[in-house]
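Asks: Got a structure for you, written out below as structure tokens; questions coming shortly.
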Amino acid sequence: MSAPVSSKAPMHPLLAQYVVQLATNPLRTKAFTSATFSFLQEIIGSNVAGLPPRPTAKDASALSKALARAHIDAKAFKMALYGFFVSAPLGHCLVGLLQKVFAGKVGLKYRIGQLLASNLLMAPIQTVAFLASMAVINGAKSVEEVIRTVKGGFFAVIRVNWIVSPLSMTIAQQFIPVEFWVPFFNIVQFTLGTIFNINMKKMRLAAAKKEAEERERERAKQASNRQS
């Protein structure tokens, strides 16, 4: 008896290998993926937002100057460490728990339950971890500074999650096989994180420019007063 012909399109070899690695070494694969994406998010965000490169010494090597122009700096590597040691393990545990709870359960009520658990339990935990890590990476020196950063950015980040997460989860539930959920959500998170990174950097640039203009106007005003 001949074997049935599969109607599925052949999987790209790299994707197939990635899926195999996810199955055999899930946490390690997710950690390297998250580290790479976090590293790229920082570099892409800095370049697209138009941040000026960090100053380098006059006698710095050509490689150091090239890295500075490309915004491949200490912060990008710190973001990679965040992806490897914080984002990936946390996401691995939370998503794994969610899949175990709803494994084998079908129907509208279970899909709604999965969406609610993702948005009301997973998203707040991941948002707090993200903001706390960003506070440390950006130079927070005390617990109070970290808490202030989390409080200041929590609802802005969670609102975006509450918009994107149901859409991406619905797409995954309807069209994506479970074994491809991790690559799919990685792409969604990378895209969302890159856009968020770019917008935040543009806002900081605009705020810094406005502050510099105000200082310049104040100096001009003081000089004019002295002359009069």
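Residues in the structure tokens are named by chain (A, B, ... in the order shown) and by number from 1 within that chain; ligands are numbered from 1 in the order shown.
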Would you mind listing, for every residue of stretch 146-215 of chain A within 12 Å of stretch 96-100 of chain A, the two atoms forming the shortest contact and the distance between them in Å to one decimal, using only C-alpha atoms, sorted by chain and ascending residue number, as a Markdown table?

Replies:
| residue | atom | partner | partner_atom | distance |
| --- | --- | --- | --- | --- |
| A:Gln173 | CA | A:Gln99 | CA | 11.7 |
| A:Val178 | CA | A:Gln99 | CA | 9.2 |
| A:Glu179 | CA | A:Gln99 | CA | 11.2 |
| A:Trp181 | CA | A:Gln99 | CA | 10.5 |
| A:Val182 | CA | A:Gly96 | CA | 10.5 |

Asks: I'd like the neighbourhood of A:Ile198 as a ChimeraX atom specification, where a residue qualifies if any of its atoms comes within 9 Å (using only C-alpha atoms), though same-chain residues fewer than 4 positions away should be ignored.

Replies: /A:41-42,44-49,193-194,202-203

Asks: Keeping C-alpha atoms for every residue in the selection just given, could you write it to a file as a short mmCIF file (atom, residue, chain, number, x, y, z; two decimals), in the first residue's frame?

Replies:
data_model
loop_
_atom_site.label_atom_id
_atom_site.label_comp_id
_atom_site.auth_asym_id
_atom_site.auth_seq_id
_atom_site.Cartn_x
_atom_site.Cartn_y
_atom_site.Cartn_z
CA GLN A 41 16.17 45.77 18.95
CA GLU A 42 18.55 48.13 20.72
CA ILE A 44 17.90 49.05 15.22
CA GLY A 45 16.10 51.39 17.61
CA SER A 46 19.14 53.62 18.08
CA ASN A 47 19.85 53.82 14.35
CA VAL A 48 16.28 54.39 13.18
CA ALA A 49 15.57 56.95 15.91
CA GLY A 193 9.64 45.74 20.93
CA THR A 194 11.53 47.37 18.07
CA LYS A 202 12.59 59.52 19.59
CA MET A 203 10.69 60.85 22.60
#

Asks: Under the rule of at most 9 Å, produce a per-residue listing of stretch 46-88 of chain A near stretch 125-141 of chain A: chain, number, name, the closest pair of atoms, and the distance in Å, as a Markdown table, using only C-alpha atoms.

Replies:
| residue | atom | partner | partner_atom | distance |
| --- | --- | --- | --- | --- |
| A:Lys75 | CA | A:Ile137 | CA | 7.1 |
| A:Lys78 | CA | A:Ile137 | CA | 6.7 |
| A:Met79 | CA | A:Ile137 | CA | 7.7 |
| A:Tyr82 | CA | A:Ser133 | CA | 7.1 |
| A:Val86 | CA | A:Ala129 | CA | 7.6 |
| A:Ser87 | CA | A:Phe130 | CA | 7.5 |

Asks: Include N, CA and C atoms and write out the residues we just selected as a PDB file, in the first residue's frame.

Replies:
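For reference, part-v7.pdb as written:
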ATOM      1  N   LYS A  75      25.187  49.037  26.043  1.00  0.00           N
ATOM      2  CA  LYS A  75      23.759  48.868  26.305  1.00  0.00           C
ATOM      3  C   LYS A  75      23.172  47.760  25.448  1.00  0.00           C
ATOM      4  N   LYS A  78      24.015  44.625  27.140  1.00  0.00           N
ATOM      5  CA  LYS A  78      23.185  44.466  28.347  1.00  0.00           C
ATOM      6  C   LYS A  78      21.780  43.998  27.977  1.00  0.00           C
ATOM      7  N   MET A  79      21.264  44.516  26.873  1.00  0.00           N
ATOM      8  CA  MET A  79      19.945  44.067  26.411  1.00  0.00           C
ATOM      9  C   MET A  79      19.979  42.585  26.038  1.00  0.00           C
ATOM     10  N   TYR A  82      19.777  40.697  29.191  1.00  0.00           N
ATOM     11  CA  TYR A  82      18.390  40.703  29.660  1.00  0.00           C
ATOM     12  C   TYR A  82      17.570  39.645  28.924  1.00  0.00           C
ATOM     13  N   VAL A  86      16.658  36.899  31.613  1.00  0.00           N
ATOM     14  CA  VAL A  86      15.395  37.333  32.217  1.00  0.00           C
ATOM     15  C   VAL A  86      14.206  37.011  31.318  1.00  0.00           C
ATOM     16  N   SER A  87      14.197  37.604  30.133  1.00  0.00           N
ATOM     17  CA  SER A  87      13.022  37.493  29.267  1.00  0.00           C
ATOM     18  C   SER A  87      12.734  36.055  28.856  1.00  0.00           C
TER      19      SER A  87
END

Asks: Suppose you want the space between atom CA of A:Phe37 and atom CA of A:Gly113; what is it in Å?

Replies: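 Taking atom CA of A:Phe37 as the start and atom CA of A:Gly113 as the end point, the length is 29.2 Å.
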
Asks: How far is it from atom CA of A:Phe155 to atom CA of A:Leu120, in Å with one decimal?

Replies: 12.6 Å

Asks: How many Å lie between atom CA of A:Phe77 and atom CA of A:Pro183, rounded to one decimal?

Replies: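 Atom CA of A:Phe77 sits 22.2 Å away from atom CA of A:Pro183.
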
Asks: Per DSSP on the backbone, filter stretch 7-228 of chain A down to the residues in alpha helix (DSSP H) and report them as a PyMOL selection string.

Replies: chain A and resi 13-24+26-49+62-69+74-82+88-101+108-117+123-137+143-175+181-227

Asks: From the set A:Ala220, A:Leu81, A:Leu27, A:Val157, which residue has the shortest atom-to-atom contact distance to A:Pro124, counting only C-alpha atoms?

Replies: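 Result for the nearest residue to A:Pro124: A:Val157.
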
Asks: Let me make sure I understand: among A:Phe85, A:Trp162, A:Phe196, A:Phe175, which one has the smallest atom-to-atom distance to A:Ala31 if we use only C-alpha atoms?

Replies: A:Phe85

Asks: So, with only C-alpha atoms as the atoms that count, which of A:Ala103, A:Ala88, A:Ala117, A:Ala68 lies closest to A:Pro166?

Replies: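 Closest to A:Pro166, using only C-alpha atoms: A:Ala117.
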
Asks: Of the candidates A:Asn197, A:Thr149, A:Ser38, A:Ser165, which one gets nearest to A:Leu115 if we count only C-alpha atoms?

Replies: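 With only C-alpha atoms as the atom set, the closest residue is A:Ser165.
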